[in-house]
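Listing of data30.txt, compact mmCIF, C-alpha atoms
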# COMPACT_ATOMS: atom_id res chain seq x y z
CA MET A 15 155.16 -67.75 14.30
CA SER A 16 152.20 -69.71 15.63
CA ALA A 17 149.62 -66.94 15.20
CA PRO A 18 149.50 -67.06 11.36
CA SER A 19 149.33 -70.85 11.47
CA GLU A 20 146.40 -70.72 13.87
CA ARG A 21 144.61 -68.17 11.68
CA THR A 22 145.13 -70.43 8.66
CA ALA A 23 144.08 -73.62 10.42
CA GLY A 24 140.86 -72.08 11.75
CA PRO A 25 139.20 -71.39 8.36
CA LEU A 26 140.54 -74.68 6.99
CA LEU A 27 138.91 -76.69 9.78
CA LEU A 28 135.71 -74.71 9.31
CA ASP A 29 135.72 -75.48 5.58
CA LEU A 30 136.33 -79.18 6.24
CA ALA A 31 133.49 -79.25 8.77
CA THR A 32 131.18 -77.51 6.30
CA VAL A 33 132.04 -79.91 3.47
CA THR A 34 131.62 -82.93 5.77
CA ALA A 35 128.23 -81.69 6.95
CA LEU A 36 127.08 -81.06 3.37
CA LEU A 37 128.22 -84.49 2.18
CA THR A 38 126.52 -86.17 5.14
CA ALA A 39 123.30 -84.28 4.47
CA LEU A 40 123.53 -85.08 0.76
CA GLY A 41 124.02 -88.80 1.45
CA TYR A 42 121.07 -88.89 3.83
CA PHE A 43 118.87 -86.87 1.48
CA THR A 44 119.75 -89.13 -1.45
CA GLY A 45 118.93 -92.27 0.52
CA TRP A 46 115.69 -90.78 1.84
CA THR A 47 114.65 -89.83 -1.69
CA TYR A 48 115.48 -93.31 -2.97
CA ALA A 49 113.39 -94.96 -0.25
CA TYR A 50 110.55 -92.49 -0.78
CA HIS A 51 110.29 -93.29 -4.48
CA TYR A 52 110.97 -97.03 -4.22
CA PHE A 53 108.44 -97.79 -1.51
CA GLY A 54 106.09 -95.36 -3.21
CA HIS A 55 105.65 -98.05 -5.88
CA PHE A 56 104.11 -100.15 -3.11
CA LYS A 57 101.96 -97.21 -1.97
CA LEU A 58 103.81 -97.07 1.35
CA GLY A 59 104.90 -93.92 3.14
CA LEU A 60 108.19 -93.69 4.99
CA LEU A 61 106.50 -92.73 8.25
CA THR A 62 104.55 -95.99 8.11
CA LEU A 63 107.68 -98.06 7.48
CA GLU A 64 109.73 -96.53 10.31
CA ILE A 65 113.02 -97.20 8.52
CA PRO A 66 116.08 -96.71 10.77
CA THR A 67 118.07 -93.57 10.00
CA GLU A 68 121.27 -95.42 9.14
CA TYR A 69 119.48 -97.30 6.35
CA PHE A 70 119.07 -94.06 4.40
CA PHE A 71 122.85 -93.72 4.19
CA VAL A 72 123.00 -97.26 2.77
CA TYR A 73 120.37 -96.38 0.17
CA GLY A 74 122.34 -93.25 -0.65
CA PHE A 75 125.46 -95.36 -1.19
CA TRP A 76 123.48 -97.60 -3.57
CA VAL A 77 122.52 -94.56 -5.63
CA PHE A 78 126.07 -93.24 -5.79
CA LYS A 79 127.29 -96.73 -6.70
CA THR A 80 124.82 -96.85 -9.59
CA TRP A 81 126.01 -93.49 -10.92
CA TRP A 82 129.72 -93.92 -10.10
CA TRP A 83 130.75 -92.77 -13.57
CA LEU A 84 129.68 -89.22 -12.69
CA VAL A 85 132.97 -89.03 -10.82
CA ILE A 86 134.70 -88.84 -14.22
CA PRO A 87 133.27 -85.47 -15.37
CA TYR A 88 133.62 -84.19 -11.81
CA GLY A 89 137.30 -85.13 -11.80
CA LEU A 90 137.79 -83.52 -15.21
CA GLY A 91 136.21 -80.35 -13.88
CA ILE A 92 138.61 -80.33 -10.92
CA VAL A 93 141.56 -80.78 -13.28
CA LEU A 94 140.38 -77.89 -15.46
CA LEU A 95 139.93 -75.66 -12.42
CA ALA A 96 143.43 -76.51 -11.25
CA PHE A 97 144.81 -75.80 -14.72
CA TYR A 98 143.13 -72.39 -14.95
CA GLU A 99 143.58 -71.50 -11.28
CA SER A 100 146.13 -68.80 -12.02
CA ARG A 101 143.64 -67.03 -14.29
CA LEU A 102 140.59 -67.55 -12.10
CA SER A 103 142.14 -66.65 -8.73
CA PRO A 104 142.33 -62.86 -9.35
CA ARG A 105 138.71 -62.80 -10.49
CA LEU A 106 137.55 -64.82 -7.48
CA ASP A 107 139.50 -62.59 -5.12
CA ARG A 108 137.94 -59.52 -6.71
CA LEU A 109 134.50 -61.13 -6.46
CA LYS A 110 135.04 -61.89 -2.76
CA THR A 111 136.07 -58.31 -2.12
CA GLU A 112 133.66 -56.39 -4.32
CA ARG A 113 130.57 -58.63 -4.42
CA PRO A 114 130.62 -61.03 -1.46
CA ARG A 115 126.82 -61.33 -1.43
CA LEU A 116 126.78 -62.53 -5.04
CA LEU A 117 129.45 -65.12 -4.26
CA LYS A 118 127.40 -66.39 -1.32
CA GLN A 119 124.31 -66.66 -3.51
CA LEU A 120 126.27 -68.61 -6.12
CA GLN A 121 127.46 -71.01 -3.44
CA ILE A 122 123.91 -71.54 -2.21
CA LEU A 123 122.74 -72.09 -5.78
CA GLY A 124 125.45 -74.69 -6.28
CA VAL A 125 124.36 -76.57 -3.16
CA LEU A 126 120.71 -76.49 -4.24
CA LEU A 127 121.63 -77.81 -7.68
CA ALA A 128 123.59 -80.64 -6.06
CA PHE A 129 120.55 -81.64 -3.99
CA LEU A 130 118.25 -81.40 -7.01
CA LEU A 131 120.60 -83.65 -8.96
CA ALA A 132 120.68 -86.10 -6.05
CA TRP A 133 116.86 -86.13 -5.99
CA TRP A 134 116.70 -86.94 -9.69
CA LEU A 135 119.39 -89.64 -9.53
CA ALA A 136 117.70 -91.30 -6.55
CA ALA A 137 114.26 -91.22 -8.17
CA VAL A 138 115.58 -92.75 -11.38
CA SER A 139 117.55 -95.40 -9.47
CA ALA A 140 114.49 -96.37 -7.43
CA GLY A 141 112.42 -96.75 -10.59
CA TRP A 142 115.10 -98.88 -12.23
CA TYR A 143 115.42 -101.15 -9.21
CA TYR A 144 111.68 -101.63 -8.88
CA GLN A 145 111.41 -102.45 -12.57
CA ALA A 146 114.27 -104.96 -12.28
CA GLN A 147 112.57 -106.61 -9.30
CA GLN A 148 109.29 -106.73 -11.16
CA ASP A 149 110.91 -108.33 -14.21
CA ASN A 150 112.56 -110.97 -11.99
CA GLY A 151 109.40 -111.76 -10.05
CA PHE A 152 110.67 -110.01 -6.90
CA LEU A 153 113.08 -112.86 -6.17
CA ALA A 154 115.06 -110.63 -3.82
CA TYR A 155 112.21 -110.86 -1.31
CA PRO A 156 111.85 -114.24 0.42
CA HIS A 157 108.66 -116.22 0.78
CA VAL A 158 107.45 -116.45 4.36
CA ARG A 159 105.05 -118.65 6.26
CA VAL A 160 103.13 -116.82 8.95
CA TRP A 161 100.99 -118.42 11.62
CA PRO A 162 98.64 -115.83 13.14
CA ASN A 163 97.37 -115.94 16.66
CA GLU A 164 94.05 -117.57 17.31
CA PRO A 165 91.17 -117.06 17.25
CA LEU A 166 91.03 -115.84 13.65
CA PRO A 167 88.91 -112.78 12.80
CA GLU A 168 85.20 -113.34 12.24
CA ASP A 169 85.21 -111.25 9.06
CA ALA A 170 85.10 -113.62 6.08
CA THR A 171 87.63 -111.65 4.01
CA LEU A 172 90.13 -111.40 6.85
CA LYS A 173 89.60 -115.04 7.74
CA GLU A 174 90.41 -116.07 4.17
CA LEU A 175 93.48 -113.82 4.16
CA TYR A 176 94.75 -115.19 7.47
CA GLY A 177 94.17 -118.70 6.18
CA GLU A 178 96.60 -118.06 3.29
CA LEU A 179 99.43 -116.79 5.49
CA PRO A 180 100.81 -120.20 6.59
CA GLY A 181 100.93 -121.40 2.98
CA GLY A 182 104.10 -119.48 2.06
CA VAL A 183 102.50 -117.60 -0.83
CA TYR A 184 103.43 -114.19 0.56
CA ARG A 185 106.79 -112.46 0.30
CA LEU A 186 108.35 -110.34 3.03
CA LEU A 187 108.89 -106.77 1.87
CA LEU A 188 109.97 -105.27 5.18
CA GLU A 189 109.78 -105.80 8.90
CA ASN A 190 109.98 -103.14 11.58
CA LYS A 191 109.49 -103.26 15.32
CA GLU A 192 105.72 -103.59 15.16
CA THR A 193 104.65 -104.62 11.66
CA LEU A 194 105.27 -107.13 8.88
CA PHE A 195 104.80 -105.82 5.34
CA LEU A 196 103.82 -108.69 3.06
CA PHE A 197 102.82 -108.93 -0.57
CA LYS A 198 101.67 -111.67 -2.92
CA LEU A 199 102.22 -111.79 -6.64
CA PRO A 200 99.14 -112.27 -8.82
CA PRO A 201 99.01 -115.19 -11.28
CA ASP A 202 100.68 -113.21 -14.09
CA GLY A 203 103.57 -112.35 -11.75
CA LYS A 204 104.02 -108.81 -13.04
CA PRO A 205 101.47 -106.41 -11.60
CA ALA A 206 101.52 -102.69 -12.19
CA ARG A 207 101.00 -102.15 -8.46
CA LEU A 208 101.45 -104.61 -5.62
CA PRO A 209 98.95 -104.57 -2.75
CA VAL A 210 100.80 -104.78 0.56
CA ILE A 211 99.44 -106.33 3.75
CA LYS A 212 100.40 -104.65 7.01
CA LEU A 213 100.32 -107.37 9.65
CA PRO A 214 100.92 -106.31 13.27
CA LEU A 215 103.54 -108.49 14.96
CA LYS A 216 101.32 -108.78 18.02
CA GLU A 217 98.97 -110.87 15.86
CA VAL A 218 101.75 -113.24 14.75
CA LYS A 219 102.44 -116.46 16.63
CA LEU A 220 105.23 -117.75 14.39
CA LEU A 221 107.13 -116.52 11.33
CA ARG A 222 109.28 -118.70 9.10
CA VAL A 223 111.40 -117.28 6.28
CA LEU A 224 111.65 -119.82 3.47
CA PRO A 225 114.94 -120.35 1.59
Could you spell out this file's structure in structure tokens?
Amino acid sequence: MSAPSERTAGPLLLDLATVTALLTALGYFTGWTYAYHYFGHFKLGLLTLEIPTEYFFVYGFWVFKTWWWLVIPYGLGIVLLAFYESRLSPRLDRLKTERPRLLKQLQILGVLLAFLLAWWLAAVSAGWYYQAQQDNGFLAYPHVRVWPNEPLPEDATLKELYGELPGGVYRLLLENKETLFLFKLPPDGKPARLPVIKLPLKEVKLLRVLP
């Protein structure tokens, strides 16, 4: 009696593992795409930012949260498949038996389409969020006061830049283990592109995040 149960449980566990792996990969890919497009507005590459891996899953969740209503047509599709299962099952069984390669190709195509859709949704979401931040003057990013180590650089341009850092005119975009990414809004407050300063933490004596 246990042999049929074991044979049934084996493929079921394999299917669950496959679905879990695909969903995990899709969530990571969606978050990576979101970060790629969003920080691309700042002309920053992901390798430069060194974003922790777990953050990409958070970004992916943001994208899915934005497009939550897509669950509705997906659910309707599941209901329709369940309703017509009795009619579709013989055809699927025949397809598995007679043309297994075609069925495999259709499955691969479905996965690719899902990833392409995720890419598009993430890119659109990143553009929307950047535009919203731009319209609000990037209020989500706090002002910071940065005191660099002395002596200051001899270069006049760098010296002027370092002299502005303690004044709290820069906003903190991101911080990783080695670098601060800062930006300052121009007088009009709504630039097409924001220049970002990459300040090594080893050159920072003190950092204060303003409320």
Spatial neighbours of Glu189 (chain A), max dist 10 Å, all atoms listed in the file, sep filter under 3 positions, as a ChimeraX atom specification = /A:63-65,186,192-196,212-215
As lines of an AutoDock Vina configuration file, what would the box around region 122-127 of chain A look like: edges along x, y and z, 6 Å added on every side, centre and edge lengths in Å to one decimal?
center_x = 123.1
center_y = -74.7
center_z = -4.9
size_x = 16.7
size_y = 18.3
size_z = 17.5
message = Using all atoms listed in the file for the distances, tell me which of A:Gly74, A:Tyr144, A:Arg113, A:Arg185 is nearest to Val210 (chain A).
response = A:Arg185
key: CA of Tyr42 (chain A) to CA of Pro87 (chain A), straight-line distance in Å   =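 Taking CA of Pro87 (chain A) as the start and CA of Tyr42 (chain A) as the end point, the length is 23.0 Å.
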ask   = Which residue gives the smallest distance to Leu208 (chain A) among A:Leu187, A:Leu153, A:Ala96, A:Leu220, with only C-alpha atoms counted?
value =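 That would be A:Leu187, the residue with the smallest distance to Leu208 (chain A).
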inquiry  = Report as a list in words all protein, DNA and RNA residues lying within 8 Å of Phe75 (chain A), evaluated on all atoms listed in the file, omitting residues in the same chain fewer than 3 positions from it.
reply    = Gly41, Gly45, Phe71, Val72, Phe78 and Lys79 of chain A
Emit the selected residues as a compact mmCIF listing (two decimals), in the coordinates of the input, including C-alpha atoms.
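File part.txt, as written:
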# COMPACT_ATOMS: atom_id res chain seq x y z
CA GLY A 41 124.02 -88.80 1.45
CA GLY A 45 118.93 -92.27 0.52
CA PHE A 71 122.85 -93.72 4.19
CA VAL A 72 123.00 -97.26 2.77
CA PHE A 78 126.07 -93.24 -5.79
CA LYS A 79 127.29 -96.73 -6.70
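With CA of Ile211 (chain A) on one side and CA of Lys198 (chain A) on the other, the separation reads 8.8 Å.
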query = Got a sec: who's within 10 Å of Ala136 (chain A), counting all atoms listed in the file, leaving out chain neighbours fewer than 6 positions off, as a VMD selection string?
reply = chain A and resid 43 to 52 73 to 74 76 to 78 80 to 81 130 142
ask   = For Pro165 (chain A), which residue out of A:Arg108, A:Arg115, A:Arg101, A:Lys219 is the nearest one, using all atoms listed in the file?
value =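 Checking each of A:Arg108, A:Arg115, A:Arg101, A:Lys219 against Pro165 (chain A), counting all atoms listed in the file, the winner is A:Lys219.
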message = I need the residue nearest Gly124 (chain A) from this list: A:Glu217, A:Leu36, A:Asp169, A:Gln145. Use all atoms listed in the file for the distance.
response = A:Leu36
Selection: 10 Å around region 175-182 of chain A, all atoms listed in the file, excl. self and same-chain fewer than 5 positions, as a PDB file with C-alpha atoms, in the coordinates of the input:
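Everything below was put into selection.pdb:
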ATOM      1  CA  PRO A 156     111.850-114.240   0.420  1.00  0.00           C
ATOM      2  CA  HIS A 157     108.660-116.220   0.780  1.00  0.00           C
ATOM      3  CA  VAL A 158     107.450-116.450   4.360  1.00  0.00           C
ATOM      4  CA  ARG A 159     105.050-118.650   6.260  1.00  0.00           C
ATOM      5  CA  VAL A 160     103.130-116.820   8.950  1.00  0.00           C
ATOM      6  CA  TRP A 161     100.990-118.420  11.620  1.00  0.00           C
ATOM      7  CA  PRO A 162      98.640-115.830  13.140  1.00  0.00           C
ATOM      8  CA  ASN A 163      97.370-115.940  16.660  1.00  0.00           C
ATOM      9  CA  LEU A 166      91.030-115.840  13.650  1.00  0.00           C
ATOM     10  CA  PRO A 167      88.910-112.780  12.800  1.00  0.00           C
ATOM     11  CA  ASP A 169      85.210-111.250   9.060  1.00  0.00           C
ATOM     12  CA  ALA A 170      85.100-113.620   6.080  1.00  0.00           C
ATOM     13  CA  LEU A 196     103.820-108.690   3.060  1.00  0.00           C
ATOM     14  CA  LYS A 198     101.670-111.670  -2.920  1.00  0.00           C
ATOM     15  CA  ILE A 211      99.440-106.330   3.750  1.00  0.00           C
ATOM     16  CA  LEU A 213     100.320-107.370   9.650  1.00  0.00           C
ATOM     17  CA  LEU A 220     105.230-117.750  14.390  1.00  0.00           C
ATOM     18  CA  LEU A 221     107.130-116.520  11.330  1.00  0.00           C
ATOM     19  CA  ARG A 222     109.280-118.700   9.100  1.00  0.00           C
ATOM     20  CA  VAL A 223     111.400-117.280   6.280  1.00  0.00           C
ATOM     21  CA  LEU A 224     111.650-119.820   3.470  1.00  0.00           C
TER      22      LEU A 224
END
query = What is the distance between CA of Tyr184 (chain A) and CA of Phe197 (chain A), in Å to one decimal?
reply =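 Between these atoms lies a distance of 5.4 Å.
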request  = Find the residue from A:Glu68, A:Leu199, A:Tyr155, A:Pro104 that sits nearest to Thr38 (chain A); use only C-alpha atoms when measuring.
outcome  =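 Among the listed residues, the smallest separation from Thr38 (chain A) belongs to A:Glu68.
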Starting from the incomplete input, reconstruct N, CA and C atoms of region 158-177 of chain A and write that as a compact mmCIF listing (two decimals), keeping the file's coordinate frame.
# COMPACT_ATOMS: atom_id res chain seq x y z
N VAL A 158 107.56 -116.23 2.92
CA VAL A 158 107.45 -116.45 4.36
C VAL A 158 106.16 -117.23 4.66
N ARG A 159 106.24 -117.99 5.72
CA ARG A 159 105.05 -118.65 6.26
C ARG A 159 104.75 -118.01 7.60
N VAL A 160 103.53 -117.56 7.75
CA VAL A 160 103.13 -116.82 8.95
C VAL A 160 101.94 -117.53 9.59
N TRP A 161 102.09 -117.84 10.87
CA TRP A 161 100.99 -118.42 11.62
C TRP A 161 100.43 -117.36 12.56
N PRO A 162 99.23 -116.88 12.28
CA PRO A 162 98.64 -115.83 13.14
C PRO A 162 98.10 -116.42 14.44
N ASN A 163 97.95 -115.53 15.40
CA ASN A 163 97.37 -115.94 16.66
C ASN A 163 95.90 -116.31 16.48
N GLU A 164 95.46 -117.20 17.31
CA GLU A 164 94.05 -117.57 17.31
C GLU A 164 93.35 -116.86 18.47
N PRO A 165 92.05 -116.65 18.35
CA PRO A 165 91.17 -117.06 17.25
C PRO A 165 91.30 -116.13 16.05
N LEU A 166 90.98 -116.64 14.86
CA LEU A 166 91.03 -115.84 13.65
C LEU A 166 89.86 -114.86 13.63
N PRO A 167 90.00 -113.77 12.87
CA PRO A 167 88.91 -112.78 12.80
C PRO A 167 87.62 -113.40 12.27
N GLU A 168 86.50 -112.85 12.69
CA GLU A 168 85.20 -113.34 12.24
C GLU A 168 84.88 -112.90 10.82
N ASP A 169 85.46 -111.76 10.41
CA ASP A 169 85.21 -111.25 9.06
C ASP A 169 85.67 -112.28 8.03
N ALA A 170 84.81 -112.56 7.05
CA ALA A 170 85.10 -113.62 6.08
C ALA A 170 86.33 -113.30 5.24
N THR A 171 86.48 -112.03 4.84
CA THR A 171 87.63 -111.65 4.01
C THR A 171 88.92 -111.79 4.79
N LEU A 172 88.93 -111.29 6.02
CA LEU A 172 90.13 -111.40 6.85
C LEU A 172 90.43 -112.86 7.19
N LYS A 173 89.40 -113.62 7.41
CA LYS A 173 89.60 -115.04 7.74
C LYS A 173 90.24 -115.78 6.57
N GLU A 174 89.80 -115.46 5.36
CA GLU A 174 90.41 -116.07 4.17
C GLU A 174 91.86 -115.64 4.01
N LEU A 175 92.11 -114.35 4.26
CA LEU A 175 93.48 -113.82 4.16
C LEU A 175 94.39 -114.49 5.19
N TYR A 176 93.94 -114.57 6.42
CA TYR A 176 94.75 -115.19 7.47
C TYR A 176 94.97 -116.67 7.19
N GLY A 177 94.02 -117.29 6.51
CA GLY A 177 94.17 -118.70 6.18
C GLY A 177 95.25 -118.95 5.14
